[in-house]
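Content type TSV, C-alpha atoms and all ligand atoms, from the file run.tsv:
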chain	number	residue	atom	x	y	z
A	1	MET	CA	-58.09	39.27	-23.62
A	2	ARG	CA	-61.28	38.22	-25.38
A	3	ILE	CA	-61.46	34.49	-26.04
A	4	GLU	CA	-62.91	34.33	-29.54
A	5	ALA	CA	-62.69	30.66	-30.44
A	6	ALA	CA	-61.37	27.30	-29.36
A	7	GLU	CA	-60.36	24.11	-31.09
A	8	LEU	CA	-60.39	20.96	-29.00
A	9	ARG	CA	-58.81	17.75	-30.28
A	10	ILE	CA	-58.08	14.27	-29.11
A	11	VAL	CA	-54.81	13.04	-30.57
A	12	GLU	CA	-53.06	9.75	-30.07
A	13	LEU	CA	-49.30	9.20	-30.05
A	14	PRO	CA	-47.46	5.86	-29.71
A	15	LEU	CA	-44.76	5.86	-27.02
A	16	LYS	CA	-41.28	4.64	-28.04
A	17	PHE	CA	-41.07	2.58	-24.86
A	18	ARG	CA	-43.40	0.46	-22.82
A	19	PHE	CA	-43.91	2.42	-19.58
A	20	GLU	CA	-44.78	0.14	-16.67
A	21	THR	CA	-45.70	1.50	-13.25
A	22	SER	CA	-47.40	0.00	-10.20
A	23	PHE	CA	-50.76	1.06	-11.72
A	24	GLY	CA	-50.35	-0.39	-15.21
A	25	VAL	CA	-48.60	-0.31	-18.57
A	26	GLN	CA	-48.71	2.59	-21.04
A	27	THR	CA	-47.77	2.13	-24.70
A	28	LYS	CA	-49.40	5.24	-26.16
A	29	ARG	CA	-50.90	8.52	-25.01
A	30	THR	CA	-54.36	9.82	-25.74
A	31	ILE	CA	-54.02	13.58	-25.49
A	32	LEU	CA	-56.54	16.38	-25.26
A	33	LEU	CA	-55.14	19.33	-27.15
A	34	LEU	CA	-56.63	22.81	-26.92
A	35	ARG	CA	-56.01	25.80	-29.16
A	36	LEU	CA	-57.50	29.04	-27.82
A	37	PHE	CA	-57.84	32.00	-30.16
A	38	GLY	CA	-58.08	35.69	-29.30
A	39	GLU	CA	-56.79	39.05	-30.56
A	40	GLY	CA	-55.16	37.29	-33.53
A	41	LEU	CA	-53.11	35.09	-31.19
A	42	GLU	CA	-53.22	31.41	-30.29
A	43	GLY	CA	-52.67	29.77	-26.90
A	44	LEU	CA	-51.98	26.05	-26.47
A	45	GLY	CA	-52.86	23.61	-23.72
A	46	GLU	CA	-52.37	19.84	-23.34
A	47	GLY	CA	-54.22	17.45	-21.05
A	48	VAL	CA	-52.42	14.83	-18.98
A	49	MET	CA	-55.41	12.75	-17.94
A	50	GLU	CA	-55.48	9.16	-19.17
A	51	ARG	CA	-58.30	7.16	-20.77
A	52	LEU	CA	-58.72	5.29	-17.48
A	53	PRO	CA	-58.56	6.70	-13.94
A	54	LEU	CA	-55.45	4.77	-12.86
A	55	TYR	CA	-53.21	7.66	-11.70
A	56	ARG	CA	-55.82	10.21	-10.53
A	57	GLU	CA	-59.58	10.15	-11.04
A	58	GLU	CA	-59.86	12.27	-14.17
A	59	THR	CA	-60.23	10.73	-17.64
A	60	VAL	CA	-59.91	11.97	-21.22
A	61	ALA	CA	-63.63	11.45	-21.82
A	62	GLY	CA	-64.61	13.28	-18.64
A	63	ALA	CA	-62.32	16.21	-19.35
A	64	ARG	CA	-63.50	16.44	-22.95
A	65	TYR	CA	-67.10	16.58	-21.72
A	66	LEU	CA	-66.34	19.34	-19.21
A	67	LEU	CA	-64.31	21.42	-21.64
A	68	GLU	CA	-66.78	21.05	-24.49
A	69	GLU	CA	-70.04	21.37	-22.59
A	70	VAL	CA	-69.17	23.46	-19.56
A	71	PHE	CA	-65.81	25.27	-19.35
A	72	LEU	CA	-65.39	26.52	-22.92
A	73	PRO	CA	-69.01	27.75	-23.23
A	74	ARG	CA	-68.40	29.66	-19.97
A	75	VAL	CA	-65.44	31.61	-21.30
A	76	LEU	CA	-66.00	31.90	-25.08
A	77	GLY	CA	-66.77	35.49	-26.02
A	78	ARG	CA	-65.69	36.80	-22.64
A	79	ASP	CA	-63.07	39.42	-22.10
A	80	LEU	CA	-60.86	38.10	-19.30
A	81	PRO	CA	-58.18	40.53	-18.11
A	82	ASN	CA	-55.83	37.86	-16.72
A	83	PRO	CA	-55.55	34.15	-15.80
A	84	GLU	CA	-56.90	34.86	-12.32
A	85	ALA	CA	-60.17	36.02	-13.90
A	86	LEU	CA	-60.34	32.76	-15.83
A	87	ARG	CA	-59.83	30.78	-12.63
A	88	GLU	CA	-62.61	32.81	-11.05
A	89	ALA	CA	-64.92	32.01	-14.00
A	90	LEU	CA	-64.48	28.26	-13.34
A	91	SER	CA	-64.33	28.39	-9.56
A	92	SER	CA	-67.90	27.24	-8.92
A	93	PHE	CA	-67.05	23.86	-10.45
A	94	ARG	CA	-65.52	21.48	-7.99
A	95	GLY	CA	-62.39	19.46	-8.52
A	96	ASN	CA	-61.32	18.39	-12.00
A	97	PRO	CA	-58.00	20.24	-11.83
A	98	MET	CA	-56.60	18.47	-14.90
A	99	ALA	CA	-59.53	19.50	-17.08
A	100	LYS	CA	-59.35	23.07	-15.77
A	101	ALA	CA	-55.59	23.12	-16.33
A	102	VAL	CA	-55.94	22.45	-20.07
A	103	LEU	CA	-57.88	25.71	-20.39
A	104	GLU	CA	-55.95	27.69	-17.79
A	105	MET	CA	-52.56	26.84	-19.25
A	106	ALA	CA	-53.71	27.59	-22.83
A	107	PHE	CA	-54.96	30.95	-21.52
A	108	PHE	CA	-51.64	31.64	-19.79
A	109	ASP	CA	-49.87	31.05	-23.11
A	110	LEU	CA	-52.31	33.35	-24.92
A	111	TRP	CA	-51.96	36.03	-22.26
A	112	ALA	CA	-48.14	35.88	-22.27
A	113	LYS	CA	-48.26	36.30	-26.04
A	114	ALA	CA	-50.59	39.28	-25.66
A	115	VAL	CA	-48.12	40.98	-23.32
A	116	GLY	CA	-45.29	39.96	-25.66
A	117	ARG	CA	-43.20	38.01	-23.15
A	118	PRO	CA	-41.99	34.43	-22.72
A	119	LEU	CA	-44.15	32.48	-20.29
A	120	TRP	CA	-41.26	31.84	-17.89
A	121	GLN	CA	-40.84	35.57	-17.36
A	122	VAL	CA	-44.56	36.08	-16.80
A	123	LEU	CA	-44.50	33.30	-14.19
A	124	GLY	CA	-41.47	34.73	-12.37
A	125	GLY	CA	-38.79	32.31	-13.53
A	126	VAL	CA	-35.13	32.95	-12.84
A	127	ARG	CA	-33.30	30.70	-15.34
A	128	GLN	CA	-33.44	29.65	-18.97
A	129	ALA	CA	-32.56	25.98	-18.58
A	130	VAL	CA	-33.87	23.32	-16.21
A	131	GLU	CA	-31.97	20.48	-14.54
A	132	VAL	CA	-33.56	17.14	-15.39
A	133	GLY	CA	-33.50	13.45	-14.62
A	134	VAL	CA	-35.43	10.51	-16.03
A	135	SER	CA	-38.28	8.36	-14.78
A	136	LEU	CA	-37.65	4.72	-15.70
A	137	GLY	CA	-40.57	2.29	-15.78
A	138	ILE	CA	-40.45	-1.18	-14.26
A	139	GLN	CA	-38.09	-3.23	-16.46
A	140	PRO	CA	-38.30	-6.95	-17.26
A	141	SER	CA	-35.24	-7.71	-15.06
A	142	VAL	CA	-32.64	-6.22	-12.73
A	143	GLU	CA	-30.07	-6.51	-15.56
A	144	ASP	CA	-32.31	-4.50	-17.90
A	145	THR	CA	-32.71	-1.91	-15.15
A	146	LEU	CA	-28.94	-1.60	-14.65
A	147	ARG	CA	-28.45	-1.15	-18.40
A	148	ALA	CA	-31.17	1.52	-18.58
A	149	VAL	CA	-29.74	3.41	-15.59
A	150	GLU	CA	-26.23	3.33	-17.07
A	151	LYS	CA	-27.44	4.57	-20.47
A	152	HIS	CA	-29.31	7.54	-18.99
A	153	LEU	CA	-26.50	8.49	-16.61
A	154	GLU	CA	-24.14	8.45	-19.60
A	155	GLU	CA	-26.52	10.76	-21.43
A	156	GLY	CA	-26.06	13.22	-18.58
A	157	TYR	CA	-29.37	12.96	-16.73
A	158	ARG	CA	-28.89	14.25	-13.20
A	159	ARG	CA	-31.20	11.92	-11.34
A	160	ILE	CA	-32.61	8.47	-11.95
A	161	LYS	CA	-36.07	7.68	-10.68
A	162	LEU	CA	-37.15	4.04	-10.66
A	163	LYS	CA	-40.75	2.92	-10.53
A	164	ILE	CA	-41.31	0.42	-7.73
A	165	LYS	CA	-44.11	-1.77	-6.37
A	166	PRO	CA	-44.30	-4.46	-3.68
A	167	GLY	CA	-42.01	-7.26	-4.85
A	168	TRP	CA	-40.05	-4.91	-7.16
A	169	ASP	CA	-38.39	-2.55	-4.73
A	170	TYR	CA	-35.54	-3.27	-2.32
A	171	GLU	CA	-33.65	-5.79	-4.47
A	172	VAL	CA	-33.65	-3.79	-7.68
A	173	LEU	CA	-32.85	-0.51	-5.87
A	174	LYS	CA	-30.02	-2.16	-3.96
A	175	ALA	CA	-28.52	-3.54	-7.18
A	176	VAL	CA	-28.66	-0.08	-8.75
A	177	ARG	CA	-27.20	1.59	-5.65
A	178	GLU	CA	-24.30	-0.91	-5.59
A	179	ALA	CA	-23.57	-0.43	-9.29
A	180	PHE	CA	-23.86	3.38	-9.10
A	181	PRO	CA	-22.77	4.43	-5.60
A	182	GLU	CA	-22.71	8.15	-6.43
A	183	ALA	CA	-25.87	8.46	-8.53
A	184	THR	CA	-28.81	10.52	-7.33
A	185	LEU	CA	-31.54	7.88	-7.05
A	186	THR	CA	-35.22	8.11	-6.20
A	187	ALA	CA	-38.14	5.67	-6.23
A	188	ASP	CA	-41.77	6.24	-7.23
A	189	ALA	CA	-44.38	3.83	-5.88
A	190	ASN	CA	-47.48	5.49	-7.39
A	191	SER	CA	-49.50	4.60	-4.28
A	192	ALA	CA	-48.70	0.87	-4.28
A	193	TYR	CA	-48.12	0.50	-0.51
A	194	ARG	CA	-50.11	0.70	2.70
A	195	LEU	CA	-49.03	1.74	6.18
A	196	ALA	CA	-48.92	-1.99	6.98
A	197	ASP	CA	-45.92	-2.24	4.60
A	198	LEU	CA	-43.83	-0.13	6.98
A	199	ALA	CA	-41.16	-2.79	7.54
A	200	ARG	CA	-40.69	-3.22	3.79
A	201	LEU	CA	-40.43	0.53	3.24
A	202	LYS	CA	-37.99	1.01	6.14
A	203	ARG	CA	-35.51	-1.28	4.38
A	204	LEU	CA	-35.20	1.38	1.67
A	205	ASP	CA	-33.69	3.79	4.22
A	206	GLU	CA	-30.24	2.21	3.81
A	207	LEU	CA	-30.14	2.97	0.05
A	208	ARG	CA	-29.57	6.73	0.30
A	209	LEU	CA	-32.52	7.60	-1.93
A	210	ASP	CA	-33.02	11.31	-2.39
A	211	TYR	CA	-36.71	10.68	-1.69
A	212	ILE	CA	-39.45	8.10	-2.13
A	213	GLU	CA	-42.40	9.37	-4.15
A	214	GLN	CA	-46.06	8.79	-3.20
A	215	PRO	CA	-45.74	5.45	-1.41
A	216	LEU	CA	-49.31	5.48	-0.01
A	217	ALA	CA	-52.84	6.06	-1.28
A	218	TYR	CA	-53.38	8.53	-4.14
A	219	ASP	CA	-55.51	10.88	-2.02
A	220	ASP	CA	-53.86	10.40	1.37
A	221	LEU	CA	-51.99	12.87	3.58
A	222	LEU	CA	-52.43	11.53	7.11
A	223	ASP	CA	-50.83	8.11	6.59
A	224	HIS	CA	-47.97	9.70	4.68
A	225	ALA	CA	-47.36	11.89	7.74
A	226	LYS	CA	-47.32	8.81	9.97
A	227	LEU	CA	-44.97	7.02	7.59
A	228	GLN	CA	-42.66	10.05	7.31
A	229	ARG	CA	-42.19	9.99	11.09
A	230	GLU	CA	-40.88	6.41	10.76
A	231	LEU	CA	-38.65	6.83	7.69
A	232	SER	CA	-35.38	8.70	7.43
A	233	THR	CA	-35.78	8.91	3.62
A	234	PRO	CA	-37.81	12.01	2.71
A	235	ILE	CA	-41.25	11.35	1.28
A	236	CYS	CA	-42.15	13.27	-1.88
A	237	LEU	CA	-45.84	13.80	-2.60
A	238	ASP	CA	-47.19	13.54	-6.14
A	239	GLU	CA	-50.75	12.17	-6.54
A	240	SER	CA	-52.01	13.62	-3.25
A	241	LEU	CA	-51.19	17.22	-4.15
A	242	THR	CA	-54.08	18.48	-6.24
A	243	SER	CA	-54.32	22.05	-4.95
A	244	ALA	CA	-52.60	24.67	-2.84
A	245	GLU	CA	-55.00	23.81	-0.02
A	246	LYS	CA	-53.78	20.20	-0.12
A	247	ALA	CA	-50.20	21.48	-0.08
A	248	ARG	CA	-50.94	23.64	2.97
A	249	LYS	CA	-52.40	20.66	4.82
A	250	ALA	CA	-49.52	18.40	3.76
A	251	ILE	CA	-47.07	20.93	5.20
A	252	GLU	CA	-49.02	21.27	8.44
A	253	LEU	CA	-49.24	17.47	8.85
A	254	GLY	CA	-45.65	16.78	7.83
A	255	ALA	CA	-46.88	14.44	5.10
A	256	GLY	CA	-43.77	14.92	2.98
A	257	ARG	CA	-40.47	16.80	2.86
A	258	VAL	CA	-40.38	17.24	-0.93
A	259	PHE	CA	-43.12	18.14	-3.45
A	260	ASN	CA	-43.53	17.05	-7.04
A	261	VAL	CA	-45.25	19.87	-8.94
A	262	LYS	CA	-47.23	19.04	-12.06
A	263	PRO	CA	-49.17	22.13	-13.09
A	264	ALA	CA	-51.74	19.95	-14.85
A	265	ARG	CA	-52.43	18.01	-11.64
A	266	LEU	CA	-52.81	21.24	-9.64
A	267	GLY	CA	-55.25	22.96	-11.99
A	268	GLY	CA	-52.73	25.10	-13.85
A	269	HIS	CA	-49.94	27.61	-13.46
A	270	GLY	CA	-51.79	29.93	-11.07
A	271	GLU	CA	-52.34	27.19	-8.49
A	272	SER	CA	-48.76	26.00	-9.02
A	273	LEU	CA	-47.51	29.50	-8.14
A	274	ARG	CA	-49.47	29.31	-4.89
A	275	VAL	CA	-47.93	25.91	-4.08
A	276	HIS	CA	-44.53	27.35	-4.94
A	277	ALA	CA	-45.02	30.21	-2.47
A	278	LEU	CA	-46.17	27.87	0.32
A	279	ALA	CA	-43.26	25.50	-0.29
A	280	GLN	CA	-40.78	28.38	-0.33
A	281	SER	CA	-41.91	29.61	3.07
A	282	ALA	CA	-41.94	26.09	4.52
A	283	GLY	CA	-38.50	25.22	3.12
A	284	ILE	CA	-39.83	22.39	0.96
A	285	PRO	CA	-37.83	21.71	-2.21
A	286	LEU	CA	-39.80	21.31	-5.44
A	287	TRP	CA	-39.18	19.54	-8.70
A	288	MET	CA	-41.13	19.44	-11.94
A	289	GLY	CA	-42.96	16.20	-12.55
A	290	GLY	CA	-43.96	14.74	-15.89
A	291	MET	CA	-46.90	12.84	-17.35
A	292	LEU	CA	-45.29	11.65	-20.59
A	293	GLU	CA	-46.26	14.96	-22.18
A	294	ALA	CA	-46.05	15.80	-25.84
A	295	GLY	CA	-44.45	19.11	-26.87
A	296	VAL	CA	-47.13	21.49	-25.62
A	297	GLY	CA	-47.30	20.10	-22.08
A	298	ARG	CA	-43.53	19.63	-21.95
A	299	ALA	CA	-42.98	23.28	-22.91
A	300	HIS	CA	-45.42	24.50	-20.25
A	301	ASN	CA	-43.64	22.38	-17.63
A	302	LEU	CA	-40.24	23.76	-18.61
A	303	HIS	CA	-41.39	27.36	-18.28
A	304	LEU	CA	-42.80	26.79	-14.80
A	305	ALA	CA	-39.71	24.84	-13.69
A	306	THR	CA	-37.59	28.02	-14.06
A	307	LEU	CA	-38.97	29.34	-10.76
A	308	PRO	CA	-36.47	29.50	-7.89
A	309	GLY	CA	-38.16	26.83	-5.73
A	310	PHE	CA	-37.47	24.08	-8.28
A	311	THR	CA	-34.18	22.96	-6.79
A	312	LYS	CA	-34.22	19.25	-7.67
A	313	PRO	CA	-33.97	17.72	-11.16
A	314	GLY	CA	-37.34	17.34	-12.90
A	315	ASP	CA	-38.93	14.53	-14.93
A	316	VAL	CA	-38.90	16.67	-18.09
A	317	SER	CA	-36.54	14.66	-20.29
A	318	SER	CA	-35.85	14.87	-24.04
A	319	ALA	CA	-38.94	14.60	-26.25
A	320	SER	CA	-37.06	12.18	-28.50
A	321	ARG	CA	-37.03	9.63	-25.67
A	322	TYR	CA	-40.81	9.43	-25.90
A	323	TRP	CA	-41.80	10.12	-29.53
A	324	GLU	CA	-40.71	9.25	-33.05
A	325	GLU	CA	-42.36	12.52	-33.98
A	326	ASP	CA	-43.59	15.24	-31.61
A	327	ILE	CA	-46.59	17.54	-32.17
A	328	VAL	CA	-44.44	20.70	-32.09
A	329	GLU	CA	-41.80	22.06	-34.49
A	330	GLU	CA	-39.22	22.77	-31.79
A	331	ALA	CA	-36.98	19.94	-30.57
A	332	LEU	CA	-37.13	19.81	-26.77
A	333	GLU	CA	-33.85	18.05	-26.02
A	334	ALA	CA	-31.65	17.86	-22.94
A	335	LYS	CA	-27.90	18.31	-23.07
A	336	ASP	CA	-25.76	17.31	-20.08
A	337	GLY	CA	-28.93	16.98	-18.03
A	338	LEU	CA	-30.12	20.50	-18.83
A	339	MET	CA	-33.29	21.24	-20.78
A	340	PRO	CA	-33.27	24.66	-22.45
A	341	VAL	CA	-36.54	26.57	-22.12
A	342	PRO	CA	-38.11	27.30	-25.54
A	343	GLU	CA	-37.46	30.88	-26.67
A	344	GLY	CA	-39.93	33.45	-27.94
A	345	VAL	CA	-43.24	34.70	-26.58
A	346	GLY	CA	-45.66	32.47	-24.64
A	347	ILE	CA	-44.61	28.82	-24.42
A	348	GLY	CA	-42.42	29.29	-27.48
A	349	VAL	CA	-43.43	26.13	-29.34
A	350	HIS	CA	-45.56	25.83	-32.47
A	351	LEU	CA	-47.85	22.99	-33.51
A	352	LYS	CA	-46.90	20.89	-36.51
A	353	LEU	CA	-50.40	21.14	-37.88
A	354	ALA	CA	-50.09	18.60	-40.72
A	355	PHE	CA	-48.77	15.99	-38.30
A	356	VAL	CA	-51.37	16.86	-35.67
A	357	GLU	CA	-54.08	16.37	-38.33
A	358	ARG	CA	-52.76	12.88	-39.03
A	359	VAL	CA	-52.84	11.80	-35.39
A	360	THR	CA	-56.19	13.43	-34.55
A	361	LEU	CA	-58.97	11.01	-33.54
A	362	TRP	CA	-61.63	13.66	-32.91
A	363	GLN	CA	-61.93	17.44	-33.05
A	364	ARG	CA	-64.37	20.26	-32.53
A	365	TYR	CA	-64.13	23.94	-33.30
A	366	MET	CA	-66.18	26.32	-31.16
A	367	SER	CA	-66.54	30.07	-31.57
A	368	ALA	CA	-68.11	32.87	-29.56
A	369	SER	CA	-71.76	33.61	-30.48
A	401	LIG	O1	-45.98	9.32	-11.13
A	401	LIG	O2	-44.68	10.74	-11.95
A	401	LIG	C1	-45.53	9.87	-12.11
A	401	LIG	C2	-46.04	9.18	-15.83
A	401	LIG	C3	-47.41	9.02	-15.89
A	401	LIG	C4	-48.12	9.09	-14.71
A	401	LIG	C5	-47.49	9.34	-13.51
A	401	LIG	C6	-46.11	9.53	-13.45
A	401	LIG	C7	-45.38	9.40	-14.63
A	401	LIG	C8	-43.93	9.48	-14.68
A	401	LIG	C9	-43.32	9.82	-16.02
A	401	LIG	O3	-43.20	9.20	-13.76
A	401	LIG	C10	-42.54	11.08	-16.03
A	401	LIG	C11	-42.21	11.48	-17.44
A	401	LIG	O4	-41.23	10.98	-17.99
A	401	LIG	O5	-42.99	12.27	-18.04
A	402	MG	MG	-45.06	10.13	-9.41
Serialized structure, structure tokens:
Amino acid sequence: MRIEAAELRIVELPLKFRFETSFGVQTKRTILLLRLFGEGLEGLGEGVMERLPLYREETVAGARYLLEEVFLPRVLGRDLPNPEALREALSSFRGNPMAKAVLEMAFFDLWAKAVGRPLWQVLGGVRQAVEVGVSLGIQPSVEDTLRAVEKHLEEGYRRIKLKIKPGWDYEVLKAVREAFPEATLTADANSAYRLADLARLKRLDELRLDYIEQPLAYDDLLDHAKLQRELSTPICLDESLTSAEKARKAIELGAGRVFNVKPARLGGHGESLRVHALAQSAGIPLWMGGMLEAGVGRAHNLHLATLPGFTKPGDVSSASRYWEEDIVEEALEAKDGLMPVPEGVGIGVHLKLAFVERVTLWQRYMSAS
């Protein structure tokens, strides 16, 4: 597959809800969008990095710089036989998995289209719909939280994840557990605690959470392993897992019993497949995370979540929860807690170009030679 041209955009979409986590409040998303062109086909990729490094270290501006000045010039005009060759072409550059993932995932889409198959089949998926839950931000009150949980359970979501932080944890989770004794509940701390908070975290053990997500530092494995030895609730790693190597070390240390997979955080689908294989052999259940994606990123996540190791409900909920209008034609909507995987070749979604134009803040077209 010869990569003939690329179009890189920054688009901005207002969120329908205010999304508060331990690291801040999001009211809109600033999204890097990549269209890769080759052999008359188009592959799509979407960035998940934020304007500010509050979740991981990467930023929209940094990723745009790398894609525009470094990664795209490296691959434009080159004939790359498969996604592994693309990974190889970028392998001398350290880190920056999110920036690399924009390109790698767009190339996977293009490649799947070239071989005429849906992406989920190319990746080795085994189902055409994905079990999903929702991730609920920190609400103004416990009452608001109970209402939000009830609404989403009624809509059929199969797991409720609540964002927590010190001072907004045990009480709100206990109220939800009492109101919904049978619900599958989890909590996501986004790195808001330290090992010194052990006593506070141990109180959560009585609430029958399915897991607690990334309680400690965003790049830590060792302290998570120490904490896991003290908690009966399984720890799920999110922020700390940025590569298959990190996953291998997490398994060896016992830093978590569940993994959140976000292909964009891991550098793309190829690296996610390696994490999937490691987790399968270690008996670690996976679930598909989310980063408030628009239609392109959401479609990519759905395709990957069809692999057999994804045995817990993912964070890939209905696009209409997030956006008045999405950037793709296809409606990505859950029914009874199941998200159907888009049909057709590649990721199976198509950009609404007129709408994308309207929400574009910046764009650049680059071609080979
Ligand atoms: O930690 O999983 C997270 C959103 C932005 C950054 C980090 C996270 C999240 C979510 C939202 O939890 C999941 C979603 O609905 O896309
Ligand atoms: Mg998380």
Please give me, as a PyMOL selection string, the residues lying within 9 Å of ligand MG 402 (chain A) when counting all atoms listed in the file. chain A and resi 55+135+163+187-191+213-214+236-239+260+289-291
Could you tell me which of A:Phe107, A:Tyr365, A:Phe93, A:Trp287 comes closest to ligand LIG 401 (chain A) if we count only C-alpha atoms and all ligand atoms?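 Using only C-alpha atoms and all ligand atoms, the shortest distance to ligand LIG 401 (chain A) belongs to A:Trp287.
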Using all atoms listed in the file: which of A:Gly346, A:Gly45, A:Gly137, A:Gly295 has the shortest distance to ligand LIG 401 (chain A):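 Using all atoms listed in the file, ligand LIG 401 (chain A) sits closest to A:Gly137.
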Please determine, counting only C-alpha atoms, which residue among A:Glu293, A:Asp197, A:Asp326, A:Glu182 has the shortest atom-to-atom distance to Glu50 of chain A.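 Closest to Glu50 of chain A of all the choices is A:Glu293.
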Can you pull out the residues contacting Tyr65 of chain A? Cut-off 12 Å, using all atoms listed in the file, and skip same-chain residues under 5 positions away; I want them as a PyMOL selection string. chain A and resi 8-10+32+58-60+70-73+96+99-100+364
Taking 4 positions as the minimum chain separation for residues in the same chain, which residues sit within 9 Å of Ser232 of chain A when counting all atoms listed in the file? Answer as a VMD selection string. chain A and resid 202 205 228
Which neighbours of Val134 of chain A fall inside 10 Å, counting all atoms listed in the file, when residues of the same chain fewer than 2 positions from it are skipped, and could you give them as a PyMOL selection string? chain A and resi 132+136-137+149+152-153+157-162+290+313-318+321+337
Might you pull out every residue within 7 Å of segment 223-227 of chain A, with only C-alpha atoms counted and same-chain residues fewer than 2 positions away left off, and present them as a ChimeraX atom specification? /A:195,216,220-221,229-231,253-256
Could you tell me how far atom CA of Leu338 of chain A sits from atom CA of Gly156 of chain A, in Å to one decimal place?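 A separation of 8.3 Å between them.
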Ref. answer, residues at most 8 Å from (-35.0, 32.1, -9.6) with only C-alpha atoms, as a ChimeraX atom specification: /A:124-127,306-309
Limited to C-alpha atoms, could you put the picked residues into a file as a PDB file, in the coordinates of the input?
ATOM      1  CA  GLY A 124     -41.470  34.730 -12.370  1.00  0.00           C
ATOM      2  CA  GLY A 125     -38.790  32.310 -13.530  1.00  0.00           C
ATOM      3  CA  VAL A 126     -35.130  32.950 -12.840  1.00  0.00           C
ATOM      4  CA  ARG A 127     -33.300  30.700 -15.340  1.00  0.00           C
ATOM      5  CA  THR A 306     -37.590  28.020 -14.060  1.00  0.00           C
ATOM      6  CA  LEU A 307     -38.970  29.340 -10.760  1.00  0.00           C
ATOM      7  CA  PRO A 308     -36.470  29.500  -7.890  1.00  0.00           C
ATOM      8  CA  GLY A 309     -38.160  26.830  -5.730  1.00  0.00           C
TER       9      GLY A 309
END
Using only C-alpha atoms, find all polymer residues with an atom at most 12 Å away from the point (-36.8, 8.7, -28.4); report them as a list in words.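 Output: Pro14, Leu15, Lys16, Phe17, Arg18, Leu292, Ala294, Ser317, Ser318, Ala319, Ser320, Arg321, Tyr322, Trp323, Glu324, Glu325, Asp326, Ala331, Leu332, Glu333 and Ala334 of chain A.
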Using atom CA of Thr186 of chain A and atom CA of His300 of chain A as the two end points, give the distance in Å to one decimal. 23.9 Å
I'd like the interatomic distance between atom CA of Val341 of chain A and atom CA of Glu131 of chain A, to a tenth of an Å.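 Distance between the two atoms: 10.7 Å.
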Tell me which protein, DNA and RNA residues are within 8 Å of Ala114 of chain A, counting all atoms listed in the file, leaving out same-chain ones fewer than 4 positions away, and put them as an mmCIF file with C-alpha atoms, keeping the file's coordinate frame.
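The resulting part_38.cif:
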data_model
loop_
_atom_site.group_PDB
_atom_site.id
_atom_site.type_symbol
_atom_site.label_atom_id
_atom_site.label_comp_id
_atom_site.auth_asym_id
_atom_site.auth_seq_id
_atom_site.Cartn_x
_atom_site.Cartn_y
_atom_site.Cartn_z
ATOM 1 C CA MET A 1 -58.090 39.270 -23.620
ATOM 2 C CA GLU A 39 -56.790 39.050 -30.560
ATOM 3 C CA LEU A 41 -53.110 35.090 -31.190
ATOM 4 C CA LEU A 110 -52.310 33.350 -24.920
#
Residue among A:Ala192, A:Ala112, A:Leu76, A:Ala179 lying closest to ligand LIG 401 (chain A), counting all atoms listed in the file: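 Among A:Ala192, A:Ala112, A:Leu76, A:Ala179, it is A:Ala192 that comes nearest to ligand LIG 401 (chain A).
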Of the residues A:Ala368, A:Val275, A:Leu103, A:Leu304, which is the one nearest to Arg78 of chain A, using all atoms listed in the file?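 Under the stated criterion, the closest residue is A:Ala368.
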Residue with smallest distance to ligand LIG 401 (chain A) - pool A:Lys174, A:Leu302, A:Ser367, A:Glu150, counting all atoms listed in the file: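 Of the candidates, the smallest distance to ligand LIG 401 (chain A) is held by A:Leu302.
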Could you model N, CA and C atoms for segment 273-281 of chain A and present them as a PDB file, in the coordinates of the input?
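File selection-v4.pdb, as written:
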ATOM      1  N   LEU A 273     -48.224  28.371  -8.750  1.00  0.00           N
ATOM      2  CA  LEU A 273     -47.510  29.500  -8.140  1.00  0.00           C
ATOM      3  C   LEU A 273     -47.848  29.596  -6.646  1.00  0.00           C
ATOM      4  N   ARG A 274     -49.097  29.292  -6.311  1.00  0.00           N
ATOM      5  CA  ARG A 274     -49.470  29.310  -4.890  1.00  0.00           C
ATOM      6  C   ARG A 274     -48.768  28.195  -4.114  1.00  0.00           C
ATOM      7  N   VAL A 275     -48.671  27.004  -4.722  1.00  0.00           N
ATOM      8  CA  VAL A 275     -47.930  25.910  -4.080  1.00  0.00           C
ATOM      9  C   VAL A 275     -46.458  26.296  -3.939  1.00  0.00           C
ATOM     10  N   HIS A 276     -45.925  26.910  -4.964  1.00  0.00           N
ATOM     11  CA  HIS A 276     -44.530  27.350  -4.940  1.00  0.00           C
ATOM     12  C   HIS A 276     -44.280  28.298  -3.770  1.00  0.00           C
ATOM     13  N   ALA A 277     -45.183  29.245  -3.566  1.00  0.00           N
ATOM     14  CA  ALA A 277     -45.020  30.210  -2.470  1.00  0.00           C
ATOM     15  C   ALA A 277     -45.088  29.514  -1.113  1.00  0.00           C
ATOM     16  N   LEU A 278     -46.046  28.608  -0.948  1.00  0.00           N
ATOM     17  CA  LEU A 278     -46.170  27.870   0.320  1.00  0.00           C
ATOM     18  C   LEU A 278     -44.913  27.051   0.590  1.00  0.00           C
ATOM     19  N   ALA A 279     -44.437  26.363  -0.445  1.00  0.00           N
ATOM     20  CA  ALA A 279     -43.260  25.500  -0.290  1.00  0.00           C
ATOM     21  C   ALA A 279     -42.030  26.333   0.048  1.00  0.00           C
ATOM     22  N   GLN A 280     -41.913  27.491  -0.604  1.00  0.00           N
ATOM     23  CA  GLN A 280     -40.780  28.380  -0.330  1.00  0.00           C
ATOM     24  C   GLN A 280     -40.762  28.778   1.146  1.00  0.00           C
ATOM     25  N   SER A 281     -41.931  29.147   1.673  1.00  0.00           N
ATOM     26  CA  SER A 281     -41.910  29.610   3.070  1.00  0.00           C
ATOM     27  C   SER A 281     -41.767  28.456   4.047  1.00  0.00           C
TER      28      SER A 281
END
